[in-house]
Structure formats: C-alpha cells, structure tokens
file data_35.pdb (PDB, C-alpha atoms)
ATOM      1  CA  TYR X 837       0.718  -7.834 -22.110
ATOM      2  CA  LYS X 838       2.558 -10.629 -20.356
ATOM      3  CA  GLY X 839       2.024 -10.760 -16.602
ATOM      4  CA  SER X 840       4.047 -12.353 -13.861
ATOM      5  CA  PRO X 841       2.610 -14.732 -11.251
ATOM      6  CA  ASP X 842       3.284 -12.282  -8.415
ATOM      7  CA  THR X 843       1.065  -9.590  -9.969
ATOM      8  CA  HIS X 844      -2.703  -9.383 -10.325
ATOM      9  CA  ILE X 845      -3.607  -7.624 -13.559
ATOM     10  CA  ILE X 846      -6.979  -5.989 -14.171
ATOM     11  CA  GLN X 847      -7.984  -5.005 -17.696
ATOM     12  CA  PHE X 848     -10.645  -2.317 -18.070
ATOM     13  CA  GLU X 849     -12.473  -1.561 -21.309
ATOM     14  CA  ASN X 850     -15.243   1.044 -21.455
ATOM     15  CA  GLY X 851     -15.134   1.418 -17.673
ATOM     16  CA  LYS X 852     -15.790  -2.256 -16.975
ATOM     17  CA  VAL X 853     -13.512  -5.083 -15.943
ATOM     18  CA  LYS X 854     -12.887  -7.225 -19.012
ATOM     19  CA  ARG X 855     -10.574  -9.732 -17.315
ATOM     20  CA  HIS X 856      -8.458 -10.036 -14.226
ATOM     21  CA  GLY X 857      -6.127 -12.541 -12.622
ATOM     22  CA  ARG X 858      -2.572 -13.368 -11.715
ATOM     23  CA  GLY X 859       0.020 -13.883 -14.417
ATOM     24  CA  LEU X 860      -2.317 -13.241 -17.352
ATOM     25  CA  SER X 861      -1.042 -12.854 -20.902
ATOM     26  CA  PHE X 862      -3.172 -11.227 -23.575
ATOM     27  CA  PHE X 863      -3.269  -8.800 -26.472
ATOM     28  CA  TYR X 864      -4.964  -5.447 -26.012
ATOM     29  CA  LEU X 865      -5.416  -2.078 -27.688
ATOM     30  CA  PRO X 866      -3.671   0.617 -25.623
ATOM     31  CA  LEU X 867      -6.026   3.336 -26.892
ATOM     32  CA  THR X 868      -9.151   1.679 -25.470
ATOM     33  CA  THR X 869      -7.758  -0.233 -22.506
ATOM     34  CA  VAL X 870      -6.637   0.693 -19.007
ATOM     35  CA  LEU X 871      -4.473  -1.785 -17.134
ATOM     36  CA  MET X 872      -4.021  -1.957 -13.391
ATOM     37  CA  GLN X 873      -1.217  -3.998 -11.885
ATOM     38  CA  VAL X 874      -1.537  -4.912  -8.187
ATOM     39  CA  PRO X 875       1.429  -6.595  -6.461
ATOM     40  CA  MET X 876       0.393  -9.777  -4.650
ATOM     41  CA  VAL X 877       3.612 -10.297  -2.708
ATOM     42  CA  SER X 878       4.358  -8.964   0.754
ATOM     43  CA  GLN X 879       5.405  -5.318   0.852
ATOM     44  CA  ASP X 880       7.544  -3.676   3.545
ATOM     45  CA  VAL X 881       7.081  -0.049   4.577
ATOM     46  CA  PRO X 882       9.634   1.409   6.988
ATOM     47  CA  PHE X 883       8.639   4.298   9.242
ATOM     48  CA  VAL X 884      10.231   6.686  11.727
ATOM     49  CA  PHE X 885       8.316   9.340  13.649
ATOM     50  CA  THR X 886       8.471  11.143  16.960
ATOM     51  CA  GLU X 887       5.723  11.478  19.534
ATOM     52  CA  THR X 888       5.432  13.312  22.843
ATOM     53  CA  THR X 889       4.852  11.601  26.187
ATOM     54  CA  VAL X 890       2.569  12.880  28.943
ATOM     55  CA  ASP X 891       5.597  14.511  30.631
ATOM     56  CA  HIS X 892       6.432  16.427  27.394
ATOM     57  CA  GLN X 893       9.398  14.286  26.335
ATOM     58  CA  GLU X 894       9.885  13.312  22.699
ATOM     59  CA  VAL X 895      10.405   9.666  21.819
ATOM     60  CA  ALA X 896      11.236   8.308  18.379
ATOM     61  CA  LEU X 897       9.468   5.228  17.070
ATOM     62  CA  GLN X 898      10.992   3.212  14.258
ATOM     63  CA  GLY X 899       9.701   0.067  12.624
ATOM     64  CA  ILE X 900       8.501  -1.748   9.541
ATOM     65  CA  ILE X 901       4.952  -2.510   8.445
ATOM     66  CA  THR X 902       4.628  -5.645   6.344
ATOM     67  CA  TYR X 903       1.406  -6.078   4.397
ATOM     68  CA  ARG X 904       0.008  -8.110   1.525
ATOM     69  CA  ILE X 905      -3.017  -7.239  -0.583
ATOM     70  CA  THR X 906      -5.561 -10.060  -0.528
ATOM     71  CA  ASP X 907      -8.400  -8.452  -2.516
ATOM     72  CA  PRO X 908      -6.958  -6.658  -5.566
ATOM     73  CA  LEU X 909     -10.341  -5.686  -6.993
ATOM     74  CA  LEU X 910     -11.343  -4.011  -3.740
ATOM     75  CA  VAL X 911      -8.086  -2.068  -3.343
ATOM     76  CA  THR X 912      -8.371  -0.674  -6.881
ATOM     77  CA  THR X 913     -11.689   0.962  -5.995
ATOM     78  CA  SER X 914      -9.859   3.386  -3.701
ATOM     79  CA  HIS X 915      -6.273   3.467  -5.046
ATOM     80  CA  ASP X 916      -4.821   4.009  -8.515
ATOM     81  CA  PHE X 917      -2.653   1.088  -9.653
ATOM     82  CA  THR X 918      -2.711   1.941 -13.377
ATOM     83  CA  ILE X 919       0.353   1.271 -15.479
ATOM     84  CA  GLY X 920       1.637   3.241 -18.438
ATOM     85  CA  LYS X 921       1.167   2.528 -22.122
ATOM     86  CA  ASP X 922       4.308   0.387 -22.225
ATOM     87  CA  ALA X 923       2.646  -1.888 -19.593
ATOM     88  CA  ARG X 924       5.613  -1.895 -17.237
ATOM     89  CA  VAL X 925       5.962   1.528 -15.645
ATOM     90  CA  PRO X 926       3.500   2.337 -12.825
ATOM     91  CA  HIS X 927       1.424   5.363 -13.766
ATOM     92  CA  GLY X 928      -0.789   5.556 -10.691
ATOM     93  CA  ASP X 929       0.325   6.296  -7.155
ATOM     94  CA  GLY X 930      -1.792   3.636  -5.432
ATOM     95  CA  GLN X 931       1.021   1.732  -3.833
ATOM     96  CA  GLU X 932       2.624   4.846  -2.328
ATOM     97  CA  LYS X 933      -0.710   6.153  -1.031
ATOM     98  CA  LEU X 934      -1.634   2.781   0.457
ATOM     99  CA  ALA X 935       1.725   2.631   2.252
ATOM    100  CA  MET X 936       1.239   6.171   3.566
ATOM    101  CA  ARG X 937      -2.250   5.320   4.855
ATOM    102  CA  LEU X 938      -0.857   2.349   6.767
ATOM    103  CA  VAL X 939       1.925   4.453   8.301
ATOM    104  CA  ASN X 940      -0.613   7.133   9.263
ATOM    105  CA  ALA X 941      -2.794   4.509  10.962
ATOM    106  CA  VAL X 942       0.178   3.197  12.939
ATOM    107  CA  GLN X 943       1.244   6.732  13.858
ATOM    108  CA  GLY X 944      -2.256   7.617  15.074
ATOM    109  CA  THR X 945      -2.375   4.559  17.304
ATOM    110  CA  ALA X 946       1.141   5.170  18.596
ATOM    111  CA  ARG X 947       0.300   8.810  19.318
ATOM    112  CA  ARG X 948      -2.673   7.809  21.479
ATOM    113  CA  VAL X 949      -0.642   5.213  23.394
ATOM    114  CA  ILE X 950       2.488   7.366  23.890
ATOM    115  CA  ALA X 951       0.448  10.423  24.945
ATOM    116  CA  GLU X 952      -0.734   8.498  28.033
ATOM    117  CA  MET X 953       2.756   7.308  29.072
ATOM    118  CA  THR X 954       5.636   8.945  30.874
ATOM    119  CA  LEU X 955       9.102   8.729  29.375
ATOM    120  CA  GLU X 956      10.051   5.986  31.829
ATOM    121  CA  GLN X 957       6.969   3.941  30.942
ATOM    122  CA  ALA X 958       7.661   4.372  27.214
ATOM    123  CA  LEU X 959      11.247   3.203  27.643
ATOM    124  CA  ALA X 960      10.136   0.233  29.755
ATOM    125  CA  GLU X 961       7.522  -0.741  27.156
ATOM    126  CA  ALA X 962       9.791  -0.176  24.129
ATOM    127  CA  ALA X 963       9.685  -3.816  23.040
ATOM    128  CA  ASN X 964       5.872  -3.911  23.226
ATOM    129  CA  LEU X 965       5.449  -0.617  21.395
TER     130      LEU X 965
END
call {"tool": "encode", "arguments": {"input": "data_35.pdb", "output": "structure tokens"}}
result
Amino acid sequence: YKGSPDTHIIQFENGKVKRHGRGLSFFYLPLTTVLMQVPMVSQDVPFVFTETTVDHQEVALQGIITYRITDPLLVTTSHDFTIGKDARVPHGDGQEKLAMRLVNAVQGTARRVIAEMTLEQALAEAANL
C-alpha cells in the first residue's frame, strides 16, 4: 500500500490497529489485513431541504457544510471507512453516512428555528439562517 499525505490510513490485523498515520507506505497481506482510509482534507456537503414556518408556509433552505475530520481513529469507531482489496476503491460507506448525519443535524436545527418564524421573519433573516 502506498498512501497519500492527505489520507490517514489505519491497518488492522486480528482486530487490532497495527499501524496508522498519514501517507504511510507498507506491504501487507490482503487476506489477513483490513485497511481503512480516512480523508484528512476539508469535505463539502451541499444540502437543500424545505421546512414549514409557523404560518404554514414552506421555505427552501440551501447551503454547504464544510467539515474536516480531526480524529481519524475516533471516527472509524462509528463509521466504516474500509477500502477494497485493491487498496484504492472505498468499500465502506462511512463518508456518505457521516455527511448524511451532518446534514440531518443541520436540518433538525433549521426545523426548530423555522418552525418558530413567520414567512416574513424567515425572509428577513435569510442571510442569518
């Protein structure tokens, strides 16, 4: 395996972390090793959803969430960042699920805020939302 500096690689053997770090290069046996590849660069997640104001009017919210993983070992305890046997193709869906969790958190907060506003207040506060 030859890693890039923008990726944190974690090598598991027998259920334990054998080595981890950014831009690692090493030989491994694919039959006994699981590799996880966590991107360490900023990721952008666009979102669009509609919410209903207190006066029963629908408003659409559109934006982008930008995030960067700072603790790759911690994020792999709850999300699957495994890569395939050829060590390039993502096998796990950790990045997609993490992005969806962030969008859901933003949508939940937006829902609570918008539900207490009238349409006029929502339009006036559009920049702050």
call {"tool": "residues_around", "arguments": {"input": "data_35.pdb", "residues": "X:Ala896", "least_positions_apart": "3", "cutoff": "10 Å", "atoms": "all atoms listed in the file", "output": "ChimeraX atom specification"}}
result
/X:884-888
call {"tool": "closest_residue", "arguments": {"input": "data_35.pdb", "among": "X:Gln931, X:Arg948, X:Leu897, X:Thr889", "to": "X:Ile919", "atoms": "only C-alpha atoms"}}
result
X:Gln931
call {"tool": "atom_distance", "arguments": {"input": "data_35.pdb", "atom1": "atom CA of X:Thr913", "atom2": "atom CA of X:Val877"}}
result
19.3 Å
call {"tool": "resolve_selection", "arguments": {"input": "data_35.pdb", "expression": "the PyMOL selection byres ((chain X and resi 898) around 12)", "output": "list in words"}}
result
Val881, Pro882, Phe883, Val884, Phe885, Thr886, Glu887, Val895, Ala896, Leu897, Gly899, Ile900, Ile901, Val939, Val942, Gln943, Ala946, Ala962, Ala963 and Leu965 of chain X
call {"tool": "resolve_selection", "arguments": {"input": "data_35.pdb", "expression": "the PyMOL selection byres ((chain X and resi 843) around 6)", "output": "list of chain:residue names"}}
result
X:Ser840, X:Pro841, X:Asp842, X:His844, X:Arg858, X:Val874, X:Pro875, X:Met876
call {"tool": "atom_distance", "arguments": {"input": "data_35.pdb", "atom1": "atom CA of X:Ile950", "atom2": "atom CA of X:Gln879"}}
result
26.5 Å
call {"tool": "atom_distance", "arguments": {"input": "data_35.pdb", "atom1": "atom CA of X:Ile845", "atom2": "atom CA of X:Thr902"}}
result
21.6 Å
call {"tool": "closest_residue", "arguments": {"input": "data_35.pdb", "among": "X:Pro908, X:Val890, X:Gly859, X:Lys852", "to": "X:Gly839", "atoms": "all atoms listed in the file"}}
result
X:Gly859
call {"tool": "resolve_selection", "arguments": {"input": "data_35.pdb", "expression": "the PyMOL selection byres ((chain X and resi 917) around 6)", "output": "count of residues only"}}
result
6
call {"tool": "axis_aligned_box", "arguments": {"input": "data_35.pdb", "around": "stretch 899-915 of chain X", "padding_each_side": "8 Å", "output": "lines of an AutoDock Vina configuration file"}}
result
center_x = -1.0
center_y = -3.3
center_z = 2.8
size_x = 37.4
size_y = 29.5
size_z = 35.6
call {"tool": "closest_residue", "arguments": {"input": "data_35.pdb", "among": "X:Asn850, X:Thr945, X:Ser861, X:Thr912", "to": "X:Lys838", "atoms": "all atoms listed in the file"}}
result
X:Ser861
call {"tool": "closest_residue", "arguments": {"input": "data_35.pdb", "among": "X:Thr954, X:Lys854, X:Glu894, X:Ile846", "to": "X:Val911", "atoms": "only C-alpha atoms"}}
result
X:Ile846
call {"tool": "closest_residue", "arguments": {"input": "data_35.pdb", "among": "X:Met936, X:Leu909, X:Val853, X:Met953", "to": "X:Asp891", "atoms": "only C-alpha atoms"}}
result
X:Met953
call {"tool": "decode", "arguments": {"input": "data_35.pdb", "residues": "stretch 872-927 of chain X", "atoms": "C-alpha atoms", "output": "PDB file, in the first residue's frame"}}
result
ATOM      1  CA  MET X 872      -9.323   1.990   6.491  1.00  0.00           C
ATOM      2  CA  GLN X 873      -8.657   5.192   4.595  1.00  0.00           C
ATOM      3  CA  VAL X 874      -9.899   8.437   6.189  1.00  0.00           C
ATOM      4  CA  PRO X 875      -9.663  11.670   4.166  1.00  0.00           C
ATOM      5  CA  MET X 876      -7.928  14.438   6.118  1.00  0.00           C
ATOM      6  CA  VAL X 877      -8.799  17.297   3.779  1.00  0.00           C
ATOM      7  CA  SER X 878     -11.862  19.505   4.014  1.00  0.00           C
ATOM      8  CA  GLN X 879     -15.032  17.968   2.602  1.00  0.00           C
ATOM      9  CA  ASP X 880     -18.034  19.882   1.245  1.00  0.00           C
ATOM     10  CA  VAL X 881     -21.587  18.572   1.552  1.00  0.00           C
ATOM     11  CA  PRO X 882     -24.313  20.505  -0.262  1.00  0.00           C
ATOM     12  CA  PHE X 883     -27.882  20.358   1.028  1.00  0.00           C
ATOM     13  CA  VAL X 884     -31.351  21.526   0.024  1.00  0.00           C
ATOM     14  CA  PHE X 885     -34.474  20.942   2.102  1.00  0.00           C
ATOM     15  CA  THR X 886     -37.802  22.583   2.785  1.00  0.00           C
ATOM     16  CA  GLU X 887     -39.288  23.472   6.145  1.00  0.00           C
ATOM     17  CA  THR X 888     -42.608  24.946   7.242  1.00  0.00           C
ATOM     18  CA  THR X 889     -42.972  28.259   9.069  1.00  0.00           C
ATOM     19  CA  VAL X 890     -45.379  28.937  11.931  1.00  0.00           C
ATOM     20  CA  ASP X 891     -47.888  30.377   9.420  1.00  0.00           C
ATOM     21  CA  HIS X 892     -47.772  27.122   7.361  1.00  0.00           C
ATOM     22  CA  GLN X 893     -45.628  28.449   4.508  1.00  0.00           C
ATOM     23  CA  GLU X 894     -42.859  26.325   3.014  1.00  0.00           C
ATOM     24  CA  VAL X 895     -39.379  27.783   2.703  1.00  0.00           C
ATOM     25  CA  ALA X 896     -36.424  26.133   0.997  1.00  0.00           C
ATOM     26  CA  LEU X 897     -33.009  26.188   2.629  1.00  0.00           C
ATOM     27  CA  GLN X 898     -29.901  25.609   0.554  1.00  0.00           C
ATOM     28  CA  GLY X 899     -26.290  25.608   1.642  1.00  0.00           C
ATOM     29  CA  ILE X 900     -22.999  23.800   2.015  1.00  0.00           C
ATOM     30  CA  ILE X 901     -21.499  22.175   5.096  1.00  0.00           C
ATOM     31  CA  THR X 902     -17.712  22.131   5.125  1.00  0.00           C
ATOM     32  CA  TYR X 903     -16.044  19.779   7.585  1.00  0.00           C
ATOM     33  CA  ARG X 904     -12.674  18.186   8.238  1.00  0.00           C
ATOM     34  CA  ILE X 905     -12.019  15.074  10.299  1.00  0.00           C
ATOM     35  CA  THR X 906      -9.509  15.785  13.061  1.00  0.00           C
ATOM     36  CA  ASP X 907      -9.548  12.431  14.891  1.00  0.00           C
ATOM     37  CA  PRO X 908      -9.478   9.589  12.338  1.00  0.00           C
ATOM     38  CA  LEU X 909      -9.254   6.830  14.938  1.00  0.00           C
ATOM     39  CA  LEU X 910     -12.358   8.107  16.706  1.00  0.00           C
ATOM     40  CA  VAL X 911     -14.437   8.458  13.528  1.00  0.00           C
ATOM     41  CA  THR X 912     -13.638   4.877  12.492  1.00  0.00           C
ATOM     42  CA  THR X 913     -15.239   3.569  15.685  1.00  0.00           C
ATOM     43  CA  SER X 914     -18.652   4.650  14.392  1.00  0.00           C
ATOM     44  CA  HIS X 915     -18.249   4.767  10.584  1.00  0.00           C
ATOM     45  CA  ASP X 916     -16.907   2.278   8.046  1.00  0.00           C
ATOM     46  CA  PHE X 917     -14.011   3.698   6.015  1.00  0.00           C
ATOM     47  CA  THR X 918     -12.675   0.340   4.774  1.00  0.00           C
ATOM     48  CA  ILE X 919     -11.193   0.101   1.309  1.00  0.00           C
ATOM     49  CA  GLY X 920     -11.308  -2.819  -1.088  1.00  0.00           C
ATOM     50  CA  LYS X 921      -8.659  -5.440  -1.732  1.00  0.00           C
ATOM     51  CA  ASP X 922      -7.053  -3.315  -4.445  1.00  0.00           C
ATOM     52  CA  ALA X 923      -6.477  -0.610  -1.758  1.00  0.00           C
ATOM     53  CA  ARG X 924      -7.983   2.208  -3.792  1.00  0.00           C
ATOM     54  CA  VAL X 925     -11.733   1.712  -4.045  1.00  0.00           C
ATOM     55  CA  PRO X 926     -13.770   2.632  -0.934  1.00  0.00           C
ATOM     56  CA  HIS X 927     -15.621  -0.420   0.334  1.00  0.00           C
TER      57      HIS X 927
END
